[in-house]
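Enquirer: I'd like to ask you about the structure that follows.
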Number of protein chains: 4
Amino acid sequence: MHQRFTTIRRHTEDICRPLQTEDYVVQPTTDVSPPKWHLAHSTWFWEEFVLAKHQPGYKRFHPRYAFLFNSYYDSVGERVLRLHRGNMSRPTVAEILDYRHYIDEQMTRFLETLPDNLHGLIEIGLNHEQQHQELLYTDIKYILGHNPLFPPYDPNFRETPALAAATPGFTDMPEGRYAIGYTGSGFSFDNEHAAHEQFLLPYNISNTLETNADYLAFMVDNGYETSQWWHSDGWAWVKEQNVNSPLYWHYIDGRWHRYALSGLQEIPMDEPVTHISYYEAAAFAEWKGMRLPTEFEWEAAANRIAWGHRWEHTNSAYLAYPGYQKPPGAIGEYNGKFMINQMVLRGASVATPAGHSRDTYRNFFHPSLQWQFTGIRLCKKQTW
Amino acid sequence: MHQRFTTIRRHTEDICRPLQTEDYVVQPTTDVSPPKWHLAHSTWFWEEFVLAKHQPGYKRFHPRYAFLFNSYYDSVGERVLRLHRGNMSRPTVAEILDYRHYIDEQMTRFLETLPDNLHGLIEIGLNHEQQHQELLYTDIKYILGHNPLFPPYDPNFRETPALAAATPGFTDMPEGRYAIGYTGSGFSFDNEHAAHEQFLLPYNISNTLETNADYLAFMVDNGYETSQWWHSDGWAWVKEQNVNSPLYWHYIDGRWHRYALSGLQEIPMDEPVTHISYYEAAAFAEWKGMRLPTEFEWEAAANRIAWGHRWEHTNSAYLAYPGYQKPPGAIGEYNGKFMINQMVLRGASVATPAGHSRDTYRNFFHPSLQWQFTGIRLCKKQTW
Amino acid sequence: MHQRFTTIRRHTEDICRPLQTEDYVVQPTTDVSPPKWHLAHSTWFWEEFVLAKHQPGYKRFHPRYAFLFNSYYDSVGERVLRLHRGNMSRPTVAEILDYRHYIDEQMTRFLETLPDNLHGLIEIGLNHEQQHQELLYTDIKYILGHNPLFPPYDPNFRETPALAAATPGFTDMPEGRYAIGYTGSGFSFDNEHAAHEQFLLPYNISNTLETNADYLAFMVDNGYETSQWWHSDGWAWVKEQNVNSPLYWHYIDGRWHRYALSGLQEIPMDEPVTHISYYEAAAFAEWKGMRLPTEFEWEAAANRIAWGHRWEHTNSAYLAYPGYQKPPGAIGEYNGKFMINQMVLRGASVATPAGHSRDTYRNFFHPSLQWQFTGIRLCKKQTW
Amino acid sequence: MHQRFTTIRRHTEDICRPLQTEDYVVQPTTDVSPPKWHLAHSTWFWEEFVLAKHQPGYKRFHPRYAFLFNSYYDSVGERVLRLHRGNMSRPTVAEILDYRHYIDEQMTRFLETLPDNLHGLIEIGLNHEQQHQELLYTDIKYILGHNPLFPPYDPNFRETPALAAATPGFTDMPEGRYAIGYTGSGFSFDNEHAAHEQFLLPYNISNTLETNADYLAFMVDNGYETSQWWHSDGWAWVKEQNVNSPLYWHYIDGRWHRYALSGLQEIPMDEPVTHISYYEAAAFAEWKGMRLPTEFEWEAAANRIAWGHRWEHTNSAYLAYPGYQKPPGAIGEYNGKFMINQMVLRGASVATPAGHSRDTYRNFFHPSLQWQFTGIRLCKKQTW
């Protein structure tokens with residue numbers, strides 16, 4: 001456990017290593033947090049939920065940090081509003097790194113004699129830290145990718161993982177009752193629990209993700225100007241936000257480019273399209289005469305399709321499984337209270353820490369958000 | 001068909017009979033349309049989709065009405081923005097009634113020789129008209145209920161239908177595969193089609209709706225001030241909108257009152273609570289240690305529980321059934337494009353026209369809306 | 001006094017005579033009040049400030065009307081928010097006319113034995129009523145002119161008064177101390193008081209107002225696309241509101257039209273341009289290499305130029321004259337509290353009741369507002 | 001000139017010396033720019049208006065900086081929106097300092113053979129730089145003062161300059177024609193030009209500024225809850241923004257404190273009140289039965305009263321003097337286009353560079369802004 005703790009904590013800081021001090025501070029939109037906030041908040045989680053609660057005589061690093069770095073745990077106390085995170089120049093990055101190292105030391109000592117009943121809590125903390133590692137990548141990309149100078153994060157960064165090539169075409173899935181939810185012995189989140197069966201009708205799910213070339217065909221066919229492909233709310237979003245391409249796409253000198261973590265580049269046409277919202281994924285599917293899978297169809301087919309390139313949009317709303325139990329206390333605020341107005345994504349992306357995701361993992365975002373590494377996998381429309 | 005057409009059309013006007021001319025005009029919030037708009041839009045539907053398309057040589061009543069009274073059919077052309085409906089003093093109520101009667105005459109003649117293949121379209125038109133009858137009640141209530149003078153709509157109006165008394169307690173539903181969706185031979189909407197089976201785990205569903213007394217207990221227990229019961233978005237809604245009771249409730253001289261269509265009155269404690277949003281229904285359920293049913297659980301149990309008092313909140317997002325096919329053309333905009341960001345309600349309310357709803361009927365609203373006659377039916381939380 | 005009271009009160013209702021009941025109700029933008037609100041509010045003024053205060057044993061017409069029809073007098077009590085006036089279908093027009101007639105009767109009796117010390121208050125009430133007569137015209141125009149059917153108010157209405165023809169050219173005004181403010185014995189508002197002298201440098205003021213043809217030349221010269229002519233706030237207003245012409249102008253079939261109270265018509269090119277905001281007037285003047293007069297320059301020249309066609313924009317902010325005294329009590333809220341963020345207009349318009357305005361009259365609006373009958377008179381730029 | 005250039009440029013950087021890198025980046029509200037933006041923009045001014053225009057063969061430091069650091073000069077090209085300045089982590093502080101030093105070198109060389117006709121332009125650049133020095137102080141105070149940790153800028157910073165003690169009481173100014181505007185031979189802004197005479201009635205102006213104790217008396221007398229003292233727009237501002245004290249005031253443990261550049265401290269009661277908006281200054285004056293001076297009254301009395309503690313609110317709108325000429329080209333955007341919706345402040349503050357202000361200097365801000373070092377000097381209300 002101690003080794004795993006150290007490795008994961010170090011990785012968080014490693015992600016930030018290419019940054020300039022100034023990059024740690026800004027918050028160009030509400031959903032994007034400053035990197036130094038991620039560094040501090042993931043640390044605060046250990047202090048608040050482990051050390052302050054379970055380490056007798058623990059002395060907090062700073063009396064105000066609980067206020068500054070709480071994210072959304074109402075039961076823990078008041079907090080800085082999310083949209084003001086980018087206004088806080090202090091504590092400095094150096095002070096936050098000091099905070100991290102203080103907590104790392106305290107945790108190292110604490111883990112030496114870790115009581116059995118706290119293993120689960122530590123695992124939550126590690127998975128929480130990994131979720132912020134993923135957000136560090138997507139938030140850093142947003143910060144640098146919205147700077148008029150388009151500074152690269154790392155010129156060698158490859159956004160599309162080199163995965164085993166999938167056979168083009170569709171996998172046919174038969175009607176039946178399928179096991180859904182986590183039943184293994186490792187870590188999993190409460191939203192995957194209450195494993196149960198879902199009855200599915202026969203379906204055909206694509207072996208591959210849609211590519212930039214596929215998506216450009218939709219754009220060229222006036223996809224963003226044709227209301228019939230869109231949900232009503234999606235169409236309103238397109239009109240109000242003047243959306244006309246995936247996030248980070250720029251039309252320069254007659255050719256489509258994109259900002260990637262390696263810098264500005266021409267669109268690689270045969271790579272999976274990414275940074276599209278649910279609205280865009282659904283409109284694209286409609287235009288193509290196909291549909292998005294449900295999260296159950298996805299999970300049932302997960303061991304027959306290659307996944308891991310992208311968080312894949314599903315047509316399932318993020319809701320409780322039958323039998324879902326919200327854990328007591330502040331940890332109960334982790335998942336349950338977000339089970340409204342969001343859609344489920346399945347899979348993993350280049351930004352997901354190795355080993356963090358799994359077949360049963362449920363990610364979720366509001367349907368208008370584009371800044372995650374999202375992708376599109378289609379199903380055929382059944383007719384009976 | 002002709003008789004049914006005439007009866008339904010007349011009923012629309014009958015609902016408006018207690019109104020003053022001024023009441024037909026106003027739109028106190030975006031979701032509430034002026035009654036005269038409902039009168040005109042339901043008429044426009046017949047003109048646009050039946051007469052203009054299928055009656056050779058049909059002469060429109062007025063060249064601009066297609067622009068004025070289109071609601072959301074993008075494929076039919078441009079239209080007045082929803083939030084500006086209440087700015088249009090013209091056409092007057094009298095002119096709109098003339099429009100109605102002109103269309104009624106034309107339709108009467110058209111129905112005399114109705115081709116077989118248009119029966120379905122006429123049924124859609126009649127059901128569309130009935131949906132606006134329901135909205136007329138809820139919108140009129142909003143208009144009069146937000147007037148500082150609280151004018152009654154009809155002093156004899158009873159908001160809670162006198163239904164056969166239900167036995168208190170819960171109905172136990174066994175695990176199994178249940179038929180979902182419409183399979184009969186009458187009219188139904190496309191969103192109920194693609195009937196299929198859902199596998200359900202065992203559950204227990206209440207025979208009765210929660211009452212005003214039940215809900216007041218939640219309020220007295222600081223339900224609106226306790227974040228732990230609420231979804232994150234629901235909590236934000238409560239804080240931003242200063243919500244502290246169901247819609248139409250007023251605390252006057254030390255007692256809770258409500259505006260009903262019969263006027264201002266003390267809360268009848270043993271009647272079902274109504275005008276609560278999904279957020280409130282879900283928070284109430286959480287406070288009570290219970291949960292809302294899914295729409296499938298509701299439908300599977302529908303013939304064992306008495307329903308029809310209220311549109312009942314479910315914990316299901318409004319999404320396509322497997323195998324759902326969006327109809328071609330403008331009618332395809334009727335349901336499919338709203339399948340995001342809304343939750344399903346099942347049942348019927350006092351405002352629903354007789355015979356309009358059924359076991360398989362899927363109503364849907366955004367989770368913050370309170371102005372419909374909504375209700376709460378609970379399920380026990382299972383534990384396995 | 002009684003005769004004058006009756007004449008003015010009747011005129012208010014006469015202005016509304018061409019309206020349909022529905023036209024009395026709507027409020028298409030915050031600054032435009034429903035005609036029935038004007039009818040009621042001008043009546044409330046008599047009830048609140050005259051009858052309730054000075055008529056022993058006076059019985060109010062309705063206990064809630066004081067709340068419903070207060071406009072902005074904070075010292076008189078709480079009130080309906082301005083932007084919600086258009087949501088109130090009740091009281092009906094008929095009920096408000098009853099209210100008017102009740103008050104008229106009470107006032108008639110009251111005026112029979114009017115104490116001397118109340119003459120001033122009655123005059124304020126009459127001038128207040130006349131100000132709402134002017135607003136009735138401009139608000140009715142806004143309501144009908146923003147209706148997609150463009151219904152005429154009165155086909156014979158002439159928006160440009162037939163005034164004695166002015167000699168084109170400029171009037172030269174010499175340097176000197178000029179008397180400013182009201183010193184006569186008739187009625188005047190507190191903001192004209194504290195008459196005093198202003199020292200003015202020599203200036204040249206146009207004898208005529210700028211015409212639609214003049215203004216169209218500015219438009220054709222890309223006036224709305226050229227930032228250099230505009231104030232910074234004006235430019236932001238143009239961009240955010242997509243302003244590209246005076247209010248009520250429409251480009252139809254290759255020609256500019258406008259909505260006038262007589263209906264939609266081609267722009268009469270030699271009439272004074274109207275419905276331009278201060279921002280537009282100032283940008284136009286800058287484009288023309290000229291400037292707007294100050295209110296003092298205007299007043300000093302008033303008896304040498306023909307005025308009365310339009311409220312003329314000046315380059316003076318609406319501020320207190322030296323020695324200005326705010327009257328005590330609620331009447332003190334009439335003018336003083338608006339002396340910030342507004343610009344002065346001088347003159348009168350076709351909507352101004354006869355005899356209501358005078359050389360010293362100070363009208364005022366926010367610099368972005370277009371819905372009044374405004375006009376442009378220019379001065380040459382001096383160089384010393 | 002060269003010496004003066006170097007001194008002023010160095011002072012800009014000196015002001016920033018106590019900052020951490022992170023402090024240079026944030027923009028907690030639209031009106032407050034990140035310190036690194038001030039450093040870059042004041043440098044860009046030299047590059048754009050001097051070097052690029054007048055130095056043959058000048059090579060720009062970076063091709064995109066003209067876009068990044070333009071503030072509001074529409075005639076120079078497109079620019080980053082003001083409200084997004086705080087989203088730009090790049091260029092870094094170090095890169096901006098490199099930019100400064102590159103320009104300083106180029107300018108030094110350029111100044112060696114400065115043509116006579118460019119002296120005026122250089123003076124504008126120096127005064128522009130000084131204006132940003134003042135903004136650096138006020139913006140840094142806002143950034144640190146809104147941080148929950150309240151970090152001091154400089155523990156020894158004294159916000160109230162030690163000025164010669166003024167005799168309490170009022171100075172009586174006689175009626176007369178007073179010279180207004182700049183007529184000297186040094187530098188002055190275009191808005192002070194067109195010197196002319198204003199005729200003033202007799203008035204009495206306070207020798208001293210109102211203190212924190214004076215202002216607290218207003219607060220204790222429910223000044224922020226009493227509408228009668230306020231302008232209508234001011235009252236709306238108080239209600240909407242929940243204003244209940246000057247900016248930076250905090251009620252802690254039963255005593256009023258304030259954030260000063262030296263850190264959090266108890267309010268020094270006998271020092272001049274500061275960080276009050278025009279709305280607050282005007283309401284305070286009204287409460288006290290007095291009034292603010294006009295800018296002409298202030299200027300006429302300037303050599304008889306001690307000034308320099310604070311930018312003093314006047315009751316004059318920021319408008320052109322008679323005979324005002326807007327300079328041609330981009331420099332013409334410096335002042336003229338802001339002459340609407342703002343009020344004039346006279347004097348100087350602790351943040352104003354030595355020698356930058358003068359009797360005739362016209363500062364201006366929107367009436368709701370509090371973040372400048374503002375103050376209140378009163379006049380008696382005249383009665384004639």
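Within each chain, counting starts at residue 1; across the structure tokens, chains are named A, B, ... in the order shown, with ligands numbered 1 upward in that order.
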Near Leu81 of chain B, within 9 Å and counting only C-alpha atoms, which residues show up once chain neighbours fewer than 2 positions away are dropped, as a list in words?

Expert: Ser71, Tyr72, Arg79, Leu83, His84 and Arg85 of chain B

Enquirer: Just the residues within 12 Å of Asp104 of chain D, please, counting only C-alpha atoms, with nothing from its chain fewer than 3 positions along; format it as a list of chain:residue names.

Expert: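 Residues meeting the cut-off are D:His2, D:Gln3, D:Phe5, D:Thr6, D:Thr7, D:Ile8, D:Arg9, D:Arg10, D:Ser42, D:Thr43, D:Trp44, D:Phe45, D:Trp46, D:Glu47, D:Val50, D:Leu51, D:Phe61, D:Leu97, D:Asp98, D:Tyr99, D:Arg100, D:His101, D:Met107, D:Thr108, D:Arg109, D:Phe110, D:Leu111.
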
Enquirer: Just how far from atom CA of Trp37 of chain C is atom CA of Phe69 of chain C, in Å to one decimal?

Expert: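 Computing it gives 7.0 Å between the two atoms.
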
Enquirer: Residues of chain C were defined as contacting chain D if any atom lay at most 6 Å from it, counting only C-alpha atoms; please report them as a PyMOL selection string.

Expert: chain C and resi 199+231-232+323+337-338+341+382

Enquirer: Which residues in segment 254-360 of chain D does DSSP call alpha helix (DSSP H)? List them as an MDAnalysis selection string.

Expert: chainID D and resid 278:287 295:301

Enquirer: Just the residues within 8 Å of Thr21 of chain A, please, counting only C-alpha atoms, with nothing from its chain fewer than 6 positions along; format it as number ranges by chain.

Expert: A: 93; D: 21-22

Enquirer: Would you mind listing what lies within 10 Å of segment 250-253 of chain A as a short mmCIF file (atom, residue, chain, number, x, y, z; two decimals) with N, CA and C atoms, in the first residue's frame, with only C-alpha atoms counted and same-chain residues fewer than 3 positions away left out?

Expert:
data_model
loop_
_atom_site.label_atom_id
_atom_site.label_comp_id
_atom_site.auth_asym_id
_atom_site.auth_seq_id
_atom_site.Cartn_x
_atom_site.Cartn_y
_atom_site.Cartn_z
N SER A 245 -17.50 22.88 -34.70
CA SER A 245 -16.48 21.82 -34.82
C SER A 245 -16.21 21.28 -33.43
N PRO A 246 -15.47 20.16 -33.35
CA PRO A 246 -15.03 19.70 -32.03
C PRO A 246 -14.17 20.78 -31.36
N LEU A 247 -14.05 20.67 -30.06
CA LEU A 247 -13.19 21.60 -29.33
C LEU A 247 -11.74 21.44 -29.84
N TRP A 256 -8.05 22.14 -41.80
CA TRP A 256 -8.42 21.96 -40.41
C TRP A 256 -7.21 21.52 -39.59
N HIS A 257 -7.00 22.25 -38.51
CA HIS A 257 -5.96 21.90 -37.54
C HIS A 257 -6.60 21.64 -36.19
N ARG A 258 -5.78 21.11 -35.27
CA ARG A 258 -6.26 20.98 -33.90
C ARG A 258 -5.10 21.26 -32.95
N TYR A 259 -5.46 21.72 -31.78
CA TYR A 259 -4.46 21.80 -30.73
C TYR A 259 -4.42 20.46 -30.02
N LEU A 264 0.03 22.59 -31.97
CA LEU A 264 -0.90 22.74 -33.08
C LEU A 264 -0.47 21.83 -34.24
N GLN A 265 -1.44 21.16 -34.83
CA GLN A 265 -1.09 20.19 -35.89
C GLN A 265 -2.27 20.03 -36.83
N GLU A 266 -2.00 19.53 -38.02
CA GLU A 266 -3.10 19.19 -38.92
C GLU A 266 -3.87 18.01 -38.33
N ILE A 267 -5.15 17.96 -38.63
CA ILE A 267 -5.98 16.88 -38.10
C ILE A 267 -5.50 15.54 -38.67
#

Enquirer: Which polymer residues have any atom within 12 Å of an atom of Thr138 of chain D, counting only C-alpha atoms, with same-chain residues fewer than 6 positions away left out, as a VMD selection string?

Expert: chain D and resid 15 to 16 31 to 35 38 131 to 132 144 to 145 153 159 247 to 248 260 to 261 274 to 275 349 to 352 369 to 374

Enquirer: Show which residues sit within 12 Å of Asp221 of chain D, as a list of chain:residue names. Count only C-alpha atoms, and ignore same-chain residues fewer than 5 positions away.

Expert: D:Asp214, D:Tyr215, D:Leu216, D:Thr226, D:Trp229, D:Phe284, D:Trp287, D:Lys288

Enquirer: Can you measure atom CA of Arg362 of chain B to atom CA of Glu295 of chain B for me? One decimal in Å is fine.

Expert: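 Those two atoms sit 8.4 Å apart.
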
Enquirer: Just the residues within 6 Å of Gly181 of chain B, please, counting only C-alpha atoms, with nothing from its chain fewer than 6 positions along; format it as a VMD selection string.

Expert: chain B and resid 192 to 193 195 360

Enquirer: Put those residues in a file: N, CA and C atoms, as a tab-separated table (two decimals), in the first residue's frame.

Expert:
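out-v5.tsv written:
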chain	number	residue	atom	x	y	z
B	192	GLU	N	-43.63	5.42	-26.87
B	192	GLU	CA	-44.07	4.20	-26.17
B	192	GLU	C	-43.85	2.95	-27.02
B	193	HIS	N	-43.45	3.18	-28.26
B	193	HIS	CA	-43.35	2.05	-29.18
B	193	HIS	C	-42.07	1.27	-28.95
B	195	ALA	N	-42.14	-1.81	-28.18
B	195	ALA	CA	-42.44	-2.56	-26.95
B	195	ALA	C	-41.40	-3.66	-26.79
B	360	THR	N	-48.89	2.98	-20.36
B	360	THR	CA	-47.60	3.04	-21.06
B	360	THR	C	-47.19	4.46	-21.43

Enquirer: Please, which residues of segment 182-307 of chain C, numbered as in this document, come out strand (DSSP E) from DSSP, as a compact mmCIF listing (two decimals) with N, CA, C and O atoms, in the first residue's frame?

Expert:
# COMPACT_ATOMS: atom_id res chain seq x y z
N HIS C 196 -30.43 80.12 -12.61
CA HIS C 196 -29.10 80.67 -12.39
C HIS C 196 -28.53 81.04 -13.75
O HIS C 196 -29.16 80.83 -14.78
N GLU C 197 -27.34 81.55 -13.76
CA GLU C 197 -26.72 81.91 -15.03
C GLU C 197 -25.63 80.93 -15.40
O GLU C 197 -24.94 80.38 -14.53
N GLN C 198 -25.50 80.71 -16.71
CA GLN C 198 -24.38 79.93 -17.22
C GLN C 198 -23.63 80.81 -18.21
O GLN C 198 -24.24 81.48 -19.05
N PHE C 199 -22.32 80.78 -18.08
CA PHE C 199 -21.49 81.50 -19.04
C PHE C 199 -21.22 80.59 -20.24
O PHE C 199 -20.72 79.47 -20.07
N LEU C 200 -21.56 81.06 -21.43
CA LEU C 200 -21.36 80.23 -22.63
C LEU C 200 -20.40 80.92 -23.59
O LEU C 200 -20.45 82.14 -23.77
N TYR C 203 -21.26 80.05 -30.01
CA TYR C 203 -21.54 78.78 -30.68
C TYR C 203 -22.54 78.99 -31.81
O TYR C 203 -23.17 80.03 -31.91
N ASN C 204 -22.64 77.98 -32.67
CA ASN C 204 -23.54 78.02 -33.81
C ASN C 204 -24.42 76.80 -33.77
O ASN C 204 -23.91 75.67 -33.77
N ILE C 205 -25.70 77.00 -33.71
CA ILE C 205 -26.64 75.89 -33.54
C ILE C 205 -27.56 75.81 -34.75
O ILE C 205 -28.03 76.83 -35.26
N SER C 206 -27.80 74.60 -35.20
CA SER C 206 -28.57 74.40 -36.43
C SER C 206 -30.02 74.83 -36.22
O SER C 206 -30.61 74.62 -35.16
N TRP C 249 -36.98 50.60 -37.95
CA TRP C 249 -36.61 50.54 -39.37
C TRP C 249 -36.50 49.09 -39.80
O TRP C 249 -35.95 48.25 -39.08
N HIS C 250 -37.00 48.79 -41.02
CA HIS C 250 -36.92 47.44 -41.57
C HIS C 250 -36.54 47.53 -43.03
O HIS C 250 -37.11 48.33 -43.77
N TYR C 251 -35.60 46.71 -43.41
CA TYR C 251 -35.18 46.70 -44.81
C TYR C 251 -35.98 45.61 -45.51
O TYR C 251 -35.78 44.42 -45.30
N ILE C 252 -36.92 46.02 -46.35
CA ILE C 252 -37.87 45.08 -46.98
C ILE C 252 -37.80 45.25 -48.49
O ILE C 252 -37.99 46.36 -49.00
N ARG C 255 -35.78 48.17 -49.92
CA ARG C 255 -36.02 49.56 -49.52
C ARG C 255 -36.21 49.63 -48.01
O ARG C 255 -36.78 48.76 -47.40
N TRP C 256 -35.79 50.76 -47.43
CA TRP C 256 -35.96 50.95 -46.00
C TRP C 256 -37.39 51.40 -45.70
O TRP C 256 -37.89 52.34 -46.29
N HIS C 257 -37.99 50.69 -44.76
CA HIS C 257 -39.31 51.05 -44.26
C HIS C 257 -39.21 51.35 -42.77
O HIS C 257 -38.21 51.09 -42.13
N ARG C 258 -40.32 51.87 -42.24
CA ARG C 258 -40.38 52.03 -40.80
C ARG C 258 -41.80 51.78 -40.34
O ARG C 258 -42.76 51.96 -41.10
N TYR C 259 -41.92 51.34 -39.10
CA TYR C 259 -43.23 51.28 -38.50
C TYR C 259 -43.53 52.63 -37.88
O TYR C 259 -42.74 53.14 -37.08
N ALA C 260 -44.63 53.22 -38.30
CA ALA C 260 -45.11 54.44 -37.67
C ALA C 260 -46.47 54.13 -37.04
O ALA C 260 -47.05 53.06 -37.28
N GLY C 263 -48.85 52.86 -39.34
CA GLY C 263 -48.60 51.58 -39.98
C GLY C 263 -47.23 51.54 -40.64
O GLY C 263 -46.45 52.49 -40.54
N LEU C 264 -46.94 50.42 -41.30
CA LEU C 264 -45.65 50.25 -41.98
C LEU C 264 -45.63 51.13 -43.22
O LEU C 264 -46.60 51.19 -43.97
N GLN C 265 -44.50 51.82 -43.44
CA GLN C 265 -44.44 52.75 -44.56
C GLN C 265 -42.99 52.91 -45.01
O GLN C 265 -42.07 52.62 -44.25
N GLU C 266 -42.81 53.38 -46.21
CA GLU C 266 -41.45 53.71 -46.64
C GLU C 266 -40.95 54.91 -45.86
O GLU C 266 -41.74 55.78 -45.45
N MET C 290 -19.37 67.34 -36.41
CA MET C 290 -20.05 68.34 -35.60
C MET C 290 -20.27 67.78 -34.21
O MET C 290 -19.62 66.81 -33.82
N ARG C 291 -21.15 68.40 -33.44
CA ARG C 291 -21.36 67.94 -32.07
C ARG C 291 -22.79 68.25 -31.65
O ARG C 291 -23.47 69.05 -32.30

Enquirer: Quick one: distance from atom CA of Glu210 of chain C to atom CA of Asn363 of chain C in Å, one decimal?

Expert: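 Separating atom CA of Glu210 of chain C from atom CA of Asn363 of chain C is a distance of 19.7 Å.
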
Enquirer: Considering only C-alpha atoms, state which residue in the set B:Ala300, B:Leu345, B:Val25, B:Ala52 is at the smallest distance from Gln106 of chain B.

Expert: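 Nearest candidate to Gln106 of chain B out of B:Ala300, B:Leu345, B:Val25, B:Ala52: B:Ala52.
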